$ cat entry_7.cif   # mmCIF, C-alpha atoms, pLDDT in the B column; chains and numbers go by the auth columns
data_input
loop_
_atom_site.group_PDB
_atom_site.id
_atom_site.type_symbol
_atom_site.label_atom_id
_atom_site.label_comp_id
_atom_site.label_asym_id
_atom_site.label_seq_id
_atom_site.Cartn_x
_atom_site.Cartn_y
_atom_site.Cartn_z
_atom_site.B_iso_or_equiv
_atom_site.auth_seq_id
_atom_site.auth_asym_id
ATOM 1 C CA MET A 1 -8.427 9.232 22.038 51.00 16 A
ATOM 2 C CA LYS A 2 -7.964 7.853 18.524 54.00 17 A
ATOM 3 C CA PRO A 3 -4.493 8.121 17.013 54.00 18 A
ATOM 4 C CA THR A 4 -4.072 10.355 13.983 54.00 19 A
ATOM 5 C CA ARG A 5 -2.828 9.277 10.571 48.00 20 A
ATOM 6 C CA ARG A 6 0.215 11.452 11.128 52.00 21 A
ATOM 7 C CA SER A 7 1.059 9.687 14.406 55.00 22 A
ATOM 8 C CA ILE A 8 0.566 6.241 12.874 53.00 23 A
ATOM 9 C CA LEU A 9 2.692 7.123 9.848 53.00 24 A
ATOM 10 C CA ALA A 10 5.324 8.600 12.179 55.00 25 A
ATOM 11 C CA ALA A 11 5.331 5.336 14.134 55.00 26 A
ATOM 12 C CA LEU A 12 5.775 3.366 10.916 55.00 27 A
ATOM 13 C CA LEU A 13 8.595 5.596 9.690 51.00 28 A
ATOM 14 C CA ALA A 14 10.286 5.772 13.106 49.00 29 A
ATOM 15 C CA VAL A 15 10.846 2.028 13.413 44.00 30 A
ATOM 16 C CA PRO A 16 14.623 1.630 13.010 38.00 31 A
ATOM 17 C CA SER A 17 14.527 -2.009 11.967 36.00 32 A
ATOM 18 C CA ILE A 18 11.848 -4.344 10.714 36.00 33 A
ATOM 19 C CA LYS A 19 10.392 -7.075 12.874 38.00 34 A
ATOM 20 C CA ILE A 20 7.528 -8.476 10.837 37.00 35 A
ATOM 21 C CA ALA A 21 6.714 -11.166 13.387 33.00 36 A
ATOM 22 C CA SER A 22 5.920 -8.526 16.004 33.00 37 A
ATOM 23 C CA GLY A 23 4.587 -5.849 13.679 37.00 38 A
ATOM 24 C CA LEU A 24 5.335 -2.358 14.892 34.00 39 A
ATOM 25 C CA ASN A 25 5.002 -3.265 18.556 31.00 40 A
ATOM 26 C CA ALA A 26 8.796 -3.030 18.887 31.00 41 A
ATOM 27 C CA HIS A 27 8.034 0.476 20.194 29.00 42 A
ATOM 28 C CA ALA A 28 5.376 -0.629 22.693 29.00 43 A
ATOM 29 C CA ALA A 29 6.942 1.591 25.387 31.00 44 A
ATOM 30 C CA SER A 30 6.744 4.597 23.088 28.00 45 A
ATOM 31 C CA PRO A 31 3.704 6.875 23.328 31.00 46 A
ATOM 32 C CA GLN A 32 3.230 6.641 19.551 32.00 47 A
ATOM 33 C CA PRO A 33 0.469 4.248 18.470 34.00 48 A
ATOM 34 C CA ALA A 34 1.448 1.177 16.471 40.00 49 A
ATOM 35 C CA LEU A 35 -0.167 -0.288 13.397 41.00 50 A
ATOM 36 C CA ALA A 36 -1.980 -3.587 13.752 40.00 51 A
ATOM 37 C CA LEU A 37 0.165 -6.696 13.875 40.00 52 A
ATOM 38 C CA THR A 38 1.083 -8.248 10.566 47.00 53 A
ATOM 39 C CA PRO A 39 1.096 -11.984 9.956 49.00 54 A
ATOM 40 C CA SER A 40 4.252 -13.606 11.287 58.00 55 A
ATOM 41 C CA CYS A 41 7.065 -13.806 8.785 63.00 56 A
ATOM 42 C CA GLN A 42 9.113 -16.961 8.577 60.00 57 A
ATOM 43 C CA ASP A 43 11.893 -18.155 6.310 53.00 58 A
ATOM 44 C CA ARG A 44 10.687 -19.076 2.824 55.00 59 A
ATOM 45 C CA ASP A 45 7.591 -16.914 3.223 65.00 60 A
ATOM 46 C CA GLU A 46 5.299 -17.013 0.172 88.00 61 A
ATOM 47 C CA LEU A 47 5.644 -14.336 -2.453 94.00 62 A
ATOM 48 C CA THR A 48 2.888 -11.738 -2.731 97.00 63 A
ATOM 49 C CA VAL A 49 0.254 -12.827 -5.234 97.00 64 A
ATOM 50 C CA ALA A 50 0.624 -11.371 -8.740 98.00 65 A
ATOM 51 C CA GLN A 51 -2.379 -9.984 -10.584 98.00 66 A
ATOM 52 C CA THR A 52 -3.145 -8.425 -13.937 96.00 67 A
ATOM 53 C CA GLU A 53 -1.755 -5.007 -14.773 96.00 68 A
ATOM 54 C CA GLY A 54 -5.070 -3.965 -16.292 91.00 69 A
ATOM 55 C CA PRO A 55 -5.537 -1.692 -19.296 92.00 70 A
ATOM 56 C CA TYR A 56 -4.613 1.611 -17.615 95.00 71 A
ATOM 57 C CA PHE A 57 -0.893 1.298 -16.774 97.00 72 A
ATOM 58 C CA LYS A 58 1.380 4.099 -18.077 96.00 73 A
ATOM 59 C CA PRO A 59 5.182 3.777 -17.944 96.00 74 A
ATOM 60 C CA SER A 60 7.507 6.561 -16.763 96.00 75 A
ATOM 61 C CA SER A 61 5.438 7.701 -13.791 97.00 76 A
ATOM 62 C CA PRO A 62 6.886 10.537 -11.688 98.00 77 A
ATOM 63 C CA LEU A 63 8.716 10.097 -8.396 98.00 78 A
ATOM 64 C CA LYS A 64 5.865 11.048 -6.036 97.00 79 A
ATOM 65 C CA GLN A 65 4.358 10.024 -2.684 96.00 80 A
ATOM 66 C CA ASP A 66 1.584 12.596 -2.308 96.00 81 A
ATOM 67 C CA PHE A 67 -1.353 11.899 -4.624 96.00 82 A
ATOM 68 C CA ALA A 68 -4.027 13.618 -2.488 92.00 83 A
ATOM 69 C CA ALA A 69 -3.615 16.968 -4.272 92.00 84 A
ATOM 70 C CA ASP A 70 -4.493 15.194 -7.537 95.00 85 A
ATOM 71 C CA ALA A 71 -8.079 14.638 -6.315 95.00 86 A
ATOM 72 C CA PRO A 72 -8.810 17.147 -3.533 93.00 87 A
ATOM 73 C CA GLN A 73 -12.493 16.164 -3.324 93.00 88 A
ATOM 74 C CA GLY A 74 -11.649 12.499 -2.676 95.00 89 A
ATOM 75 C CA THR A 75 -11.599 10.746 0.689 96.00 90 A
ATOM 76 C CA SER A 76 -7.983 10.771 1.815 96.00 91 A
ATOM 77 C CA ILE A 77 -6.083 7.706 2.986 97.00 92 A
ATOM 78 C CA ILE A 78 -2.466 6.824 3.619 97.00 93 A
ATOM 79 C CA ILE A 79 -1.346 3.417 2.403 98.00 94 A
ATOM 80 C CA ALA A 80 1.930 2.111 3.795 98.00 95 A
ATOM 81 C CA GLY A 81 3.936 -0.977 4.627 98.00 96 A
ATOM 82 C CA TYR A 82 7.173 -2.819 4.017 97.00 97 A
ATOM 83 C CA VAL A 83 8.822 -4.684 1.167 98.00 98 A
ATOM 84 C CA VAL A 84 10.610 -7.803 2.427 97.00 99 A
ATOM 85 C CA GLY A 85 12.212 -10.852 0.835 96.00 100 A
ATOM 86 C CA THR A 86 11.182 -14.468 1.372 92.00 101 A
ATOM 87 C CA ASP A 87 13.780 -14.514 4.182 92.00 102 A
ATOM 88 C CA CYS A 88 11.783 -11.748 5.951 91.00 103 A
ATOM 89 C CA LYS A 89 14.640 -9.256 5.571 95.00 104 A
ATOM 90 C CA PRO A 90 13.777 -5.720 4.436 97.00 105 A
ATOM 91 C CA VAL A 91 14.413 -4.804 0.820 98.00 106 A
ATOM 92 C CA PRO A 92 15.872 -1.288 0.624 98.00 107 A
ATOM 93 C CA LYS A 93 15.633 0.724 -2.583 98.00 108 A
ATOM 94 C CA ALA A 94 12.777 -1.426 -3.923 98.00 109 A
ATOM 95 C CA LEU A 95 10.593 0.303 -6.502 98.00 110 A
ATOM 96 C CA VAL A 96 6.945 0.700 -5.459 98.00 111 A
ATOM 97 C CA GLU A 97 4.701 2.147 -8.187 98.00 112 A
ATOM 98 C CA LEU A 98 1.036 3.032 -7.647 98.00 113 A
ATOM 99 C CA TRP A 99 -1.821 4.018 -9.953 98.00 114 A
ATOM 100 C CA HIS A 100 -5.566 3.992 -9.440 98.00 115 A
ATOM 101 C CA ALA A 101 -8.957 5.461 -10.335 97.00 116 A
ATOM 102 C CA ASP A 102 -10.082 8.814 -8.988 97.00 117 A
ATOM 103 C CA ASP A 103 -13.083 9.613 -6.788 96.00 118 A
ATOM 104 C CA HIS A 104 -15.364 9.216 -9.847 96.00 119 A
ATOM 105 C CA GLY A 105 -13.934 5.861 -11.004 96.00 120 A
ATOM 106 C CA ALA A 106 -11.881 7.328 -13.877 97.00 121 A
ATOM 107 C CA TYR A 107 -8.186 6.883 -14.668 97.00 122 A
ATOM 108 C CA ASP A 108 -6.041 9.727 -15.996 97.00 123 A
ATOM 109 C CA LEU A 109 -5.010 8.505 -19.444 96.00 124 A
ATOM 110 C CA ASP A 110 -3.466 11.791 -20.590 96.00 125 A
ATOM 111 C CA GLY A 111 -1.188 12.689 -17.670 96.00 126 A
ATOM 112 C CA TYR A 112 0.015 11.326 -14.348 97.00 127 A
ATOM 113 C CA ARG A 113 -2.811 12.223 -11.960 98.00 128 A
ATOM 114 C CA LEU A 114 -2.972 9.540 -9.224 98.00 129 A
ATOM 115 C CA ARG A 115 0.141 7.877 -10.655 98.00 130 A
ATOM 116 C CA GLY A 116 3.648 7.762 -9.259 98.00 131 A
ATOM 117 C CA HIS A 117 6.443 5.735 -7.757 98.00 132 A
ATOM 118 C CA GLN A 118 8.937 5.793 -4.906 98.00 133 A
ATOM 119 C CA PHE A 119 11.752 3.665 -3.503 98.00 134 A
ATOM 120 C CA THR A 120 11.735 1.977 -0.108 98.00 135 A
ATOM 121 C CA ASP A 121 14.035 3.284 2.595 98.00 136 A
ATOM 122 C CA GLU A 122 16.828 1.260 4.236 97.00 137 A
ATOM 123 C CA SER A 123 14.240 -0.579 6.368 96.00 138 A
ATOM 124 C CA GLY A 124 12.087 -1.513 3.362 97.00 139 A
ATOM 125 C CA ARG A 125 9.322 0.994 4.243 98.00 140 A
ATOM 126 C CA TRP A 126 7.032 2.642 1.675 98.00 141 A
ATOM 127 C CA TRP A 127 3.981 4.949 1.889 97.00 142 A
ATOM 128 C CA PHE A 128 1.649 7.026 -0.275 98.00 143 A
ATOM 129 C CA SER A 129 -0.809 9.741 0.738 97.00 144 A
ATOM 130 C CA THR A 130 -3.714 9.324 -1.673 98.00 145 A
ATOM 131 C CA ILE A 131 -7.491 8.926 -1.903 97.00 146 A
ATOM 132 C CA ILE A 132 -9.886 6.008 -1.781 98.00 147 A
ATOM 133 C CA PRO A 133 -10.699 5.160 -5.400 97.00 148 A
ATOM 134 C CA ALA A 134 -14.327 5.014 -6.508 96.00 149 A
ATOM 135 C CA LEU A 135 -16.000 1.935 -7.894 94.00 150 A
ATOM 136 C CA TYR A 136 -16.453 1.570 -11.615 94.00 151 A
ATOM 137 C CA PRO A 137 -18.435 -1.037 -13.595 94.00 152 A
ATOM 138 C CA GLY A 138 -17.191 -4.591 -13.136 93.00 153 A
ATOM 139 C CA ARG A 139 -14.588 -3.856 -10.439 96.00 154 A
ATOM 140 C CA THR A 140 -14.428 -3.499 -6.695 97.00 155 A
ATOM 141 C CA ARG A 141 -12.407 -0.722 -5.050 98.00 156 A
ATOM 142 C CA HIS A 142 -8.672 -1.351 -5.652 98.00 157 A
ATOM 143 C CA TYR A 143 -5.167 -0.003 -6.182 98.00 158 A
ATOM 144 C CA HIS A 144 -2.715 -1.162 -8.862 98.00 159 A
ATOM 145 C CA LEU A 145 0.934 -1.590 -7.875 98.00 160 A
ATOM 146 C CA LYS A 146 4.250 -2.743 -9.241 98.00 161 A
ATOM 147 C CA VAL A 147 6.985 -3.733 -6.797 98.00 162 A
ATOM 148 C CA GLN A 148 10.558 -4.601 -7.790 98.00 163 A
ATOM 149 C CA ARG A 149 13.578 -5.376 -5.667 97.00 164 A
ATOM 150 C CA PRO A 150 16.792 -3.923 -7.170 97.00 165 A
ATOM 151 C CA GLY A 151 17.706 -6.134 -10.121 96.00 166 A
ATOM 152 C CA GLY A 152 14.735 -8.446 -9.493 96.00 167 A
ATOM 153 C CA ASP A 153 11.573 -9.383 -11.326 97.00 168 A
ATOM 154 C CA VAL A 154 8.642 -6.965 -11.278 98.00 169 A
ATOM 155 C CA LEU A 155 5.629 -7.986 -9.178 98.00 170 A
ATOM 156 C CA THR A 156 2.424 -6.545 -10.632 98.00 171 A
ATOM 157 C CA THR A 157 -0.553 -6.820 -8.312 98.00 172 A
ATOM 158 C CA GLN A 158 -3.595 -5.065 -6.843 98.00 173 A
ATOM 159 C CA LEU A 159 -4.663 -4.239 -3.288 98.00 174 A
ATOM 160 C CA TYR A 160 -8.251 -4.352 -2.041 98.00 175 A
ATOM 161 C CA PHE A 161 -10.429 -2.975 0.741 98.00 176 A
ATOM 162 C CA PRO A 162 -11.970 -5.337 3.318 98.00 177 A
ATOM 163 C CA GLY A 163 -15.745 -5.457 3.628 96.00 178 A
ATOM 164 C CA GLU A 164 -16.499 -4.061 0.172 96.00 179 A
ATOM 165 C CA PRO A 165 -19.791 -5.483 -1.159 94.00 180 A
ATOM 166 C CA GLN A 166 -18.316 -5.700 -4.683 96.00 181 A
ATOM 167 C CA ASN A 167 -15.418 -7.946 -3.561 98.00 182 A
ATOM 168 C CA ASP A 168 -17.529 -11.085 -4.033 95.00 183 A
ATOM 169 C CA ARG A 169 -18.591 -10.012 -7.535 95.00 184 A
ATOM 170 C CA ASP A 170 -15.120 -9.029 -8.794 97.00 185 A
ATOM 171 C CA ARG A 171 -13.599 -11.921 -10.769 95.00 186 A
ATOM 172 C CA ILE A 172 -10.039 -10.710 -10.006 96.00 187 A
ATOM 173 C CA PHE A 173 -10.451 -10.067 -6.250 98.00 188 A
ATOM 174 C CA ASP A 174 -8.131 -12.087 -3.983 98.00 189 A
ATOM 175 C CA GLU A 175 -8.528 -11.881 -0.200 97.00 190 A
ATOM 176 C CA ARG A 176 -4.760 -12.412 0.237 97.00 191 A
ATOM 177 C CA LEU A 177 -4.362 -8.863 -1.112 98.00 192 A
ATOM 178 C CA LEU A 178 -6.565 -7.085 1.433 98.00 193 A
ATOM 179 C CA LEU A 179 -5.277 -3.919 3.046 98.00 194 A
ATOM 180 C CA GLN A 180 -5.453 -3.747 6.844 97.00 195 A
ATOM 181 C CA ILE A 181 -7.492 -0.581 7.355 97.00 196 A
ATOM 182 C CA SER A 182 -7.328 1.497 10.549 95.00 197 A
ATOM 183 C CA ASP A 183 -9.528 4.481 11.315 92.00 198 A
ATOM 184 C CA THR A 184 -7.705 7.380 12.935 88.00 199 A
ATOM 185 C CA ALA A 185 -8.834 10.725 14.317 85.00 200 A
ATOM 186 C CA ASP A 186 -8.125 12.418 10.976 83.00 201 A
ATOM 187 C CA GLY A 187 -8.776 9.691 8.410 88.00 202 A
ATOM 188 C CA LYS A 188 -7.839 6.210 7.331 95.00 203 A
ATOM 189 C CA ILE A 189 -4.572 4.344 6.952 97.00 204 A
ATOM 190 C CA GLY A 190 -4.138 1.080 5.022 98.00 205 A
ATOM 191 C CA ARG A 191 -1.268 -1.355 5.630 98.00 206 A
ATOM 192 C CA PHE A 192 0.177 -4.014 3.333 98.00 207 A
ATOM 193 C CA ASP A 193 3.584 -5.706 3.388 97.00 208 A
ATOM 194 C CA PHE A 194 4.906 -7.067 0.081 97.00 209 A
ATOM 195 C CA VAL A 195 7.048 -10.207 -0.111 97.00 210 A
ATOM 196 C CA VAL A 196 9.192 -10.215 -3.263 96.00 211 A
#

$ encode --input "entry_7.cif" --output "structure tokens"
Amino acid sequence: MKPTRRSILAALLAVPSIKIASGLNAHAASPQPALALTPSCQDRDELTVAQTEGPYFKPSSPLKQDFAADAPQGTSIIIAGYVVGTDCKPVPKALVELWHADDHGAYDLDGYRLRGHQFTDESGRWWFSTIIPALYPGRTRHYHLKVQRPGGDVLTTQLYFPGEPQNDRDRIFDERLLLQISDTADGKIGRFDFVV
């Protein structure tokens, strides 16, 4: 039986401490399914790649994790992961801000639909319940994010979907920023861990 998004998210949020080298398999004895392993984390790990903010960023987004109600006709997905430092230690209270196109490829320029931010928990975990953005001319499917450790520089970047035909035609696409996508019994979950 396939795990559900709820059970995978519960497994992510239930992990009491981060062990990037072993992913979420620290709870292998637990009946909850684990997300796929992440690349091993070692001291002086490379920072997450920065990318352009794009023309659609709006400051002062609301504190919000649930974007799915903003586009109820869209295909739902949960995106989640950790924010860690180059020493592989979790970064609590890091800002994670997300904005993206809707299920028709349009950005909300008047309000804060599909826009919001949150702060990581004590273990550096973050997550958003949202939709899969549609394609629009010149771009592959993607999310825009800003990540900032308390008092640190802001990382502006984008996350991408594996296997998208438009990836090869998008001049900004970077395979180092691919989400790890898992199919569950009730939808999709995407995983990405930021190093800041």

$ residues_around --input "entry_7.cif" --residues "region 119-127 of chain A" --least-positions-apart "3" --cutoff "10 Å" --atoms "all atoms listed in the file" --output "JSON, numbers by chain"
{"A": [71, 72, 73, 74, 75, 76, 77, 82, 85, 86, 88, 89, 114, 115, 116, 130, 131, 148, 149, 150, 151, 152, 154, 156]}

$ closest_residue --input "entry_7.cif" --among "A:Asp117, A:Glu68, A:Asp136, A:Asp81" --to "Arg164 (chain A)" --atoms "only C-alpha atoms"
A:Asp136

$ closest_residue --input "entry_7.cif" --among "A:Thr135, A:Pro105, A:Ile204, A:Val210" --to "Ser91 (chain A)" --atoms "only C-alpha atoms"
A:Ile204

$ atom_distance --input "entry_7.cif" --atom1 "CA of Arg206 (chain A)" --atom2 "CA of Ala95 (chain A)"
5.1 Å

$ atom_distance --input "entry_7.cif" --atom1 "CA of Gly139 (chain A)" --atom2 "CA of Asp102 (chain A)"
13.1 Å

$ resolve_selection --input "entry_7.cif" --expression "the PyMOL selection byres ((chain A and resi 100) around 9)" --output "JSON list (two decimals) with C-alpha atoms, in the frame of the given file"
[["chain", "number", "residue", "atom", "x", "y", "z"],
["A", 59, "ARG", "CA", 10.69, -19.08, 2.82],
["A", 60, "ASP", "CA", 7.59, -16.91, 3.22],
["A", 62, "LEU", "CA", 5.64, -14.34, -2.45],
["A", 98, "VAL", "CA", 8.82, -4.68, 1.17],
["A", 99, "VAL", "CA", 10.61, -7.80, 2.43],
["A", 101, "THR", "CA", 11.18, -14.47, 1.37],
["A", 102, "ASP", "CA", 13.78, -14.51, 4.18],
["A", 103, "CYS", "CA", 11.78, -11.75, 5.95],
["A", 104, "LYS", "CA", 14.64, -9.26, 5.57],
["A", 105, "PRO", "CA", 13.78, -5.72, 4.44],
["A", 106, "VAL", "CA", 14.41, -4.80, 0.82],
["A", 164, "ARG", "CA", 13.58, -5.38, -5.67],
["A", 209, "PHE", "CA", 4.91, -7.07, 0.08],
["A", 210, "VAL", "CA", 7.05, -10.21, -0.11],
["A", 211, "VAL", "CA", 9.19, -10.22, -3.26]]

$ resolve_selection --input "entry_7.cif" --expression "the PyMOL selection byres ((chain A and resi 157) around 6)" --output "VMD selection string"
chain A and resid 156 158 174 to 175

$ atom_distance --input "entry_7.cif" --atom1 "CA of Gly153 (chain A)" --atom2 "CA of Thr171 (chain A)"
19.9 Å

$ resolve_selection --input "entry_7.cif" --expression "the PyMOL selection byres ((chain A and resi 207) around 6)" --output "JSON, numbers by chain"
{"A": [96, 194, 206, 208]}

$ write_last_selection --input "entry_7.cif" --atoms "C-alpha atoms" --output "mmCIF file, in the coordinates of the input"
data_model
loop_
_atom_site.group_PDB
_atom_site.id
_atom_site.type_symbol
_atom_site.label_atom_id
_atom_site.label_comp_id
_atom_site.auth_asym_id
_atom_site.auth_seq_id
_atom_site.Cartn_x
_atom_site.Cartn_y
_atom_site.Cartn_z
ATOM 1 C CA GLY A 96 3.936 -0.977 4.627
ATOM 2 C CA LEU A 194 -5.277 -3.919 3.046
ATOM 3 C CA ARG A 206 -1.268 -1.355 5.630
ATOM 4 C CA ASP A 208 3.584 -5.706 3.388
#

$ residues_around --input "entry_7.cif" --residues "Leu110 (chain A)" --least-positions-apart "5" --cutoff "9 Å" --atoms "only C-alpha atoms" --output "ChimeraX atom specification"
/A:132-135,161-165,169

$ residues_near_point --input "entry_7.cif" --point "(-10.0, 2.8, 4.3)" --cutoff "8 Å" --atoms "all atoms listed in the file" --output "MDAnalysis selection string"
chainID A and resid 92 147 176 196:198 203:205

$ closest_residue --input "entry_7.cif" --among "A:Thr90, A:Pro177, A:Gly202, A:Ala109" --to "Glu190 (chain A)" --atoms "all atoms listed in the file"
A:Pro177

$ build_atoms --input "entry_7.cif" --residues "region 74-101 of chain A" --atoms "N, CA and C atoms" --output "CSV table (one decimal), keeping the file's coordinate frame"
chain,number,residue,atom,x,y,z
A,74,PRO,N,3.8,3.8,-18.4
A,74,PRO,CA,5.2,3.8,-17.9
A,74,PRO,C,5.7,5.2,-17.7
A,75,SER,N,6.8,5.3,-17.0
A,75,SER,CA,7.5,6.6,-16.8
A,75,SER,C,6.7,7.5,-15.8
A,76,SER,N,6.1,6.9,-14.8
A,76,SER,CA,5.4,7.7,-13.8
A,76,SER,C,6.4,8.6,-13.0
A,77,PRO,N,6.0,9.7,-12.4
A,77,PRO,CA,6.9,10.5,-11.7
A,77,PRO,C,7.2,10.0,-10.3
A,78,LEU,N,8.4,10.4,-9.8
A,78,LEU,CA,8.7,10.1,-8.4
A,78,LEU,C,7.8,11.0,-7.5
A,79,LYS,N,6.9,10.3,-6.8
A,79,LYS,CA,5.9,11.0,-6.0
A,79,LYS,C,5.3,10.2,-5.0
A,80,GLN,N,5.0,10.7,-3.8
A,80,GLN,CA,4.4,10.0,-2.7
A,80,GLN,C,3.0,10.6,-2.4
A,81,ASP,N,2.8,11.9,-2.7
A,81,ASP,CA,1.6,12.6,-2.3
A,81,ASP,C,0.7,12.7,-3.5
A,82,PHE,N,-0.4,11.9,-3.5
A,82,PHE,CA,-1.4,11.9,-4.6
A,82,PHE,C,-2.6,12.7,-4.2
A,83,ALA,N,-2.8,13.0,-3.0
A,83,ALA,CA,-4.0,13.6,-2.5
A,83,ALA,C,-4.4,14.9,-3.2
A,84,ALA,N,-3.4,15.7,-3.6
A,84,ALA,CA,-3.6,17.0,-4.3
A,84,ALA,C,-4.2,16.7,-5.7
A,85,ASP,N,-4.0,15.5,-6.2
A,85,ASP,CA,-4.5,15.2,-7.5
A,85,ASP,C,-6.0,15.1,-7.6
A,86,ALA,N,-6.6,14.8,-6.4
A,86,ALA,CA,-8.1,14.6,-6.3
A,86,ALA,C,-8.5,15.2,-5.0
A,87,PRO,N,-8.5,16.5,-4.8
A,87,PRO,CA,-8.8,17.1,-3.5
A,87,PRO,C,-10.2,16.9,-3.0
A,88,GLN,N,-11.1,16.5,-3.8
A,88,GLN,CA,-12.5,16.2,-3.3
A,88,GLN,C,-12.6,14.7,-2.8
A,89,GLY,N,-11.6,13.9,-3.1
A,89,GLY,CA,-11.6,12.5,-2.7
A,89,GLY,C,-11.5,12.3,-1.2
A,90,THR,N,-11.8,11.1,-0.7
A,90,THR,CA,-11.6,10.7,0.7
A,90,THR,C,-10.2,10.3,0.9
A,91,SER,N,-9.4,11.0,1.7
A,91,SER,CA,-8.0,10.8,1.8
A,91,SER,C,-7.7,9.5,2.6
A,92,ILE,N,-6.6,8.9,2.3
A,92,ILE,CA,-6.1,7.7,3.0
A,92,ILE,C,-4.6,7.7,2.8
A,93,ILE,N,-3.9,7.1,3.8
A,93,ILE,CA,-2.5,6.8,3.6
A,93,ILE,C,-2.4,5.3,3.5
A,94,ILE,N,-1.6,4.8,2.5
A,94,ILE,CA,-1.3,3.4,2.4
A,94,ILE,C,0.2,3.3,2.6
A,95,ALA,N,0.5,2.2,3.4
A,95,ALA,CA,1.9,2.1,3.8
A,95,ALA,C,2.2,0.7,4.1
A,96,GLY,N,3.5,0.4,4.2
A,96,GLY,CA,3.9,-1.0,4.6
A,96,GLY,C,5.4,-1.2,4.4
A,97,TYR,N,5.8,-2.4,4.2
A,97,TYR,CA,7.2,-2.8,4.0
A,97,TYR,C,7.3,-3.7,2.7
A,98,VAL,N,8.5,-3.7,2.2
A,98,VAL,CA,8.8,-4.7,1.2
A,98,VAL,C,9.9,-5.6,1.8
A,99,VAL,N,9.6,-6.9,1.9
A,99,VAL,CA,10.6,-7.8,2.4
A,99,VAL,C,10.8,-8.9,1.4
A,100,GLY,N,11.9,-9.7,1.6
A,100,GLY,CA,12.2,-10.9,0.8
A,100,GLY,C,11.6,-12.1,1.5
A,101,THR,N,11.7,-13.2,0.8
A,101,THR,CA,11.2,-14.5,1.4
A,101,THR,C,11.9,-14.9,2.7
